[in-house]
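Reading through the structure tokens given below for one structure.
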Amino acid sequence: MAQVEKRGGLLRKSSASKKPLKEKVVLMYDEIFMMEDPSECSPRFWEELFLMKVNLEYLEGKLESLDGEELMKIKDNINCLFQHCIQALGEEHPIRVVNALQTLCALIRGVHQKNKSTSGFDIINMLMGFDKAELCMKNLMESLDSLLCAEGSESLKSLCLKLLLCLVTVTDNISQNTILEYVMINSIFEAILQILSHPPSRREHGYDAVVLLALLVNYRKYESVNPYIVKLSIVDDEATLNGMGLVITQALSEYNRQYKDKEEEHQSGFFSALTNMVGSMFIADAHEKLSVQTNEAILLALYEAVHLNRNFITVLAQSHPEMGLVTAPASPTPTTPVTPLGTTPPSSDVISSVELSLDADVQTSNLLITFLKYSSIVMQDTKDEHRLHSGKLCLIILTCIAEDQYANAFLHDDNMNFRVNLHRMPMRHRKKAADKNLPCRPLVCAVLDLMVEFIVTHMMKEFPMDLYLRCVQVVHKLLCYQKKCRVRLHYTWRELWSALINLLKFLMSNETVLLAKHNIFTLALMIVNLFNMFITYGDTFLPTPSSYDELYYEIIRMHQSFDNLYSMVLRLSTNAGQWKEAASKVTHALVNIRAIINHFNPKIESYAAVNHISQLSEEQVLEVVRANYDTLTLKLQDGLDQYERYSEQHKEAAFFKELVRSISTNVRRNLAFHTLSQEALLKEFSTIS
């Protein structure tokens, strides 16, 4: 018997000796694309259509191939098909429901593709007709809600979420997608929460549910009252919030694992051997080869949860076994495709592993640790715009956390100590830190380590000023909490001081280049005021009196940098240029630092002369410092422990609009035909009763 091949809706014998035969479903589609009502000649037409296996590619392609006028001529038939799809969602036979869902996907995408240049209202008219749109969408959303909340098939639920993602992302700018008005009115918020709170559903559909929620929250969020924002902000059910946290943790852990695998593969490969032979000259290029696609969709979900819902803050610290250390199940685990911002959920086996009981021998982790590790990878490379935006979103999330009183309480809790292995950028002048020697410390130490790491590794020509400002602000907000609550944190503060002074040196040595693009004095003022915080209030939050002495030692040791900064800002503040006001603020802020330098330097020089020592040791300098505190006069500076709270709408609206546009585009791209494949569904519903 000749082999039968199938292509684009055609059935033909491989001999190609006869005219190709069309599938029955394709013939039925062709009838819909005629101007006559297909059910006039065949009363059972619609009933039979939904028993046929959907040919998504043909249906979508056919819609795209028609021009606007041709499409308008068959508008009644398209409206009829849309309405019959919605009716079929209420059928008892699951195969009809499956086919109706997939047909709706093809209709929505096909009509939108064809009408990209037209307004959303035309799309609504083309799909449903203006007069029936409200009822159609009400029935559609109620059917989807019922299917998502029912005890039935997980495959059907998966397809419902795919349809909703398809509906939300058909336009790049989701706020221009007028169909979403009906999704606002007929909310599926409770159905999403039910998926997240129910472990079996969460394992299957949690990822799609979280991404869908993050997108819906961003629909016209600045122009009108979005019910999804209101409802998300008041969720207080522990199971639901923990469920959402587990989904986000798993997605970020998957990224961290992929990166670690690539890193290990790279280090054991040929390139590593070559680098060892010729030195570190290729270290930057080698690092670029390690990039793994970031996941802004899940990061946006984390941001919205942290920013909108105070109760979610508790989820950040919810302990579970570290995912990389949990024994994998015996069956092979499917891996998440490495596609940008995909909607494919990570392996359900791995998600379930985090719900195991804690083992005393297993290193515990939590969402915040996973996020910090993720951030340490993403923030390494900010050269391309995509990763720059990822780094910015990580810092915005950290800003929200650093402002939250409860978050600060567990960040600084001495009884919650963790070993956090942050990724460090390979650099020529430092060795790779040994992971095993990491101490257990309060989580705030890892946040500060991440900020110090960023400061040290991004002093480059394409200076990421915005990220530096956010980074220093996070440090300042943490210090404000420590000062307010008199938390004496045992941290290696010298690393932070050294990083900040080196950053000042970089700003000064690149003054001309940087001033052409940035107001460097805003950042310089913030750095100087961090030192002022330590000088004025350090005795209330530095761990020991010797830590305060070390602060003075570091300022005196690096006095040349502060002298140079003063000279620079004095020069610019006395000129009538554009930087006069900004530079003069830094001049005033330096008053106490200069007082310390001018007070102690002569005394140190005198001590050296009297004792005939050419170069004093650190301990000798500290001895002079301790002996001369009493005669030091400092000015009290106001507002050092005050800051402007984060506000999305006024300052970040443009960033989030662009970010959501990018996520929408990528989610749509990854809802490819194979993700809507019927094979698994047909196996599940192989018999129709």
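Every chain in the structure tokens takes a letter, A first, then B, and so on in the order presented; its residues are numbered from 1, and the ligands are numbered from 1 following the presented order.
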Which residues, written as JSON, numbers by chain, have at least one atom at most 6 Å from stretch 82-97 of chain A, with only C-alpha atoms counted and residues fewer than 3 positions away on the same chain left out? {"A": [50, 51, 79, 100, 140]}
Filtering to C-alpha atoms, could you give me those residues as a PDB file, in the first residue's frame?
```pdb
ATOM      1  CA  PHE A  50     -15.838  19.893  16.619  1.00  0.00           C
ATOM      2  CA  LEU A  51     -15.378  16.132  16.266  1.00  0.00           C
ATOM      3  CA  ASN A  79     -18.853  35.289  14.184  1.00  0.00           C
ATOM      4  CA  ALA A 100     -13.249  24.301  20.385  1.00  0.00           C
ATOM      5  CA  LEU A 140     -16.412  32.338  27.179  1.00  0.00           C
TER       6      LEU A 140
END
```
Using only C-alpha atoms, I'd like a table of the residues in stretch 563-659 of chain A that come within 10 Å of stretch 460-478 of chain A; for each, show the closest atom pair and its distance in Å rounded to one decimal, ordered by chain and ascending number, as a tab-separated table.
```
residue	atom	partner	partner_atom	distance
A:Leu640	CA	A:His476	CA	9.1
A:Asp641	CA	A:His476	CA	8.1
A:Gln642	CA	A:Lys477	CA	8.5
A:Tyr643	CA	A:Lys477	CA	7.4
A:Glu644	CA	A:Gln473	CA	9.7
A:Arg645	CA	A:Lys477	CA	9.5
```
The selected residues should be written to file as a PDB file, in the first residue's frame (atoms: C-alpha atoms).
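Written file, again30.pdb:
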```
ATOM      1  CA  LEU A 640      21.010  61.283  56.396  1.00  0.00           C
ATOM      2  CA  ASP A 641      18.605  58.564  57.551  1.00  0.00           C
ATOM      3  CA  GLN A 642      15.740  59.745  55.313  1.00  0.00           C
ATOM      4  CA  TYR A 643      14.937  58.504  51.820  1.00  0.00           C
ATOM      5  CA  GLU A 644      12.297  58.836  49.126  1.00  0.00           C
ATOM      6  CA  ARG A 645      10.167  55.705  48.951  1.00  0.00           C
TER       7      ARG A 645
END
```
Given only C-alpha atoms as the basis, pick out the residue of A:His389, A:Ser375, A:Val420, A:Gly110 nearest to A:Phe454.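 Closest to A:Phe454, using only C-alpha atoms: A:Ser375.
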Leaving out stretch 664-668 of chain A and any residue of its chain fewer than 3 positions from it, which residues lie within 12 Å of it when counting only C-alpha atoms, given as an mmCIF file with C-alpha atoms, in the first residue's frame?
```cif
data_model
loop_
_atom_site.group_PDB
_atom_site.id
_atom_site.type_symbol
_atom_site.label_atom_id
_atom_site.label_comp_id
_atom_site.auth_asym_id
_atom_site.auth_seq_id
_atom_site.Cartn_x
_atom_site.Cartn_y
_atom_site.Cartn_z
ATOM 1 C CA CYS A 105 -6.722 30.031 19.594
ATOM 2 C CA ILE A 108 -7.946 34.957 17.780
ATOM 3 C CA ARG A 109 -4.375 34.782 16.480
ATOM 4 C CA GLN A 113 -2.357 38.946 12.666
ATOM 5 C CA LYS A 162 -2.842 28.558 26.705
ATOM 6 C CA LEU A 163 -5.982 30.122 25.212
ATOM 7 C CA LEU A 164 -5.976 32.853 27.866
ATOM 8 C CA LEU A 165 -2.263 33.553 27.260
ATOM 9 C CA CYS A 166 -3.037 33.658 23.539
ATOM 10 C CA LEU A 167 -5.883 36.115 24.182
ATOM 11 C CA VAL A 168 -3.735 38.371 26.426
ATOM 12 C CA THR A 169 -0.646 38.477 24.201
ATOM 13 C CA VAL A 170 -2.061 38.859 20.678
ATOM 14 C CA THR A 171 -0.993 42.529 20.760
ATOM 15 C CA ASP A 172 2.536 43.608 21.745
ATOM 16 C CA ASN A 173 1.097 46.364 23.930
ATOM 17 C CA ILE A 174 -1.433 44.511 26.084
ATOM 18 C CA SER A 175 -3.059 47.796 27.127
ATOM 19 C CA ASN A 177 -5.909 44.841 23.510
ATOM 20 C CA TYR A 207 4.019 28.501 35.621
ATOM 21 C CA ASP A 208 1.393 29.480 33.026
ATOM 22 C CA VAL A 211 2.761 34.418 33.961
ATOM 23 C CA LEU A 212 -0.904 34.997 33.024
ATOM 24 C CA ALA A 214 1.559 38.984 35.919
ATOM 25 C CA LEU A 215 0.370 40.070 32.457
ATOM 26 C CA LEU A 216 -3.244 40.707 33.523
ATOM 27 C CA ASN A 218 -0.285 45.102 33.858
ATOM 28 C CA TYR A 219 -3.343 45.803 31.695
ATOM 29 C CA GLN A 293 18.251 33.284 28.460
ATOM 30 C CA THR A 294 16.813 35.294 31.342
ATOM 31 C CA ASN A 295 13.193 34.957 32.441
ATOM 32 C CA GLU A 296 11.602 38.384 32.815
ATOM 33 C CA ALA A 297 8.069 36.961 32.854
ATOM 34 C CA ILE A 298 8.632 35.164 36.156
ATOM 35 C CA LEU A 300 7.753 40.415 36.730
ATOM 36 C CA THR A 339 13.643 29.730 24.982
ATOM 37 C CA PRO A 340 13.414 33.350 26.055
ATOM 38 C CA LEU A 341 10.583 33.969 28.481
ATOM 39 C CA GLY A 342 8.889 30.702 27.548
ATOM 40 C CA THR A 343 5.526 29.626 28.862
ATOM 41 C CA THR A 344 6.585 26.002 29.184
ATOM 42 C CA PHE A 656 7.409 48.593 32.846
ATOM 43 C CA LYS A 657 5.421 49.323 29.679
ATOM 44 C CA GLU A 658 8.440 48.385 27.569
ATOM 45 C CA LEU A 659 9.198 45.339 29.719
ATOM 46 C CA VAL A 660 5.623 44.012 29.501
ATOM 47 C CA ARG A 661 5.662 44.574 25.716
ATOM 48 C CA LEU A 671 2.832 29.584 22.167
ATOM 49 C CA ALA A 672 3.899 27.792 19.005
ATOM 50 C CA PHE A 673 1.834 25.073 17.286
ATOM 51 C CA THR A 675 2.702 23.607 22.488
#
```
Hey, what's within 9 Å of A:Leu144 if we count only C-alpha atoms and toss same-chain stuff fewer than 4 positions away? As a list of chain:residue names, please?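 The contact residues come out as A:Leu89, A:Asn139, A:Leu140, A:Leu148, A:Cys149, A:Lys157, A:Cys160, A:Leu161, A:Leu164, A:Ile188.
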Record the distance separating atom CA of A:Gly639 and atom CA of A:Glu511, expressed in Å with one decimal.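 Those two atoms sit 27.6 Å apart.
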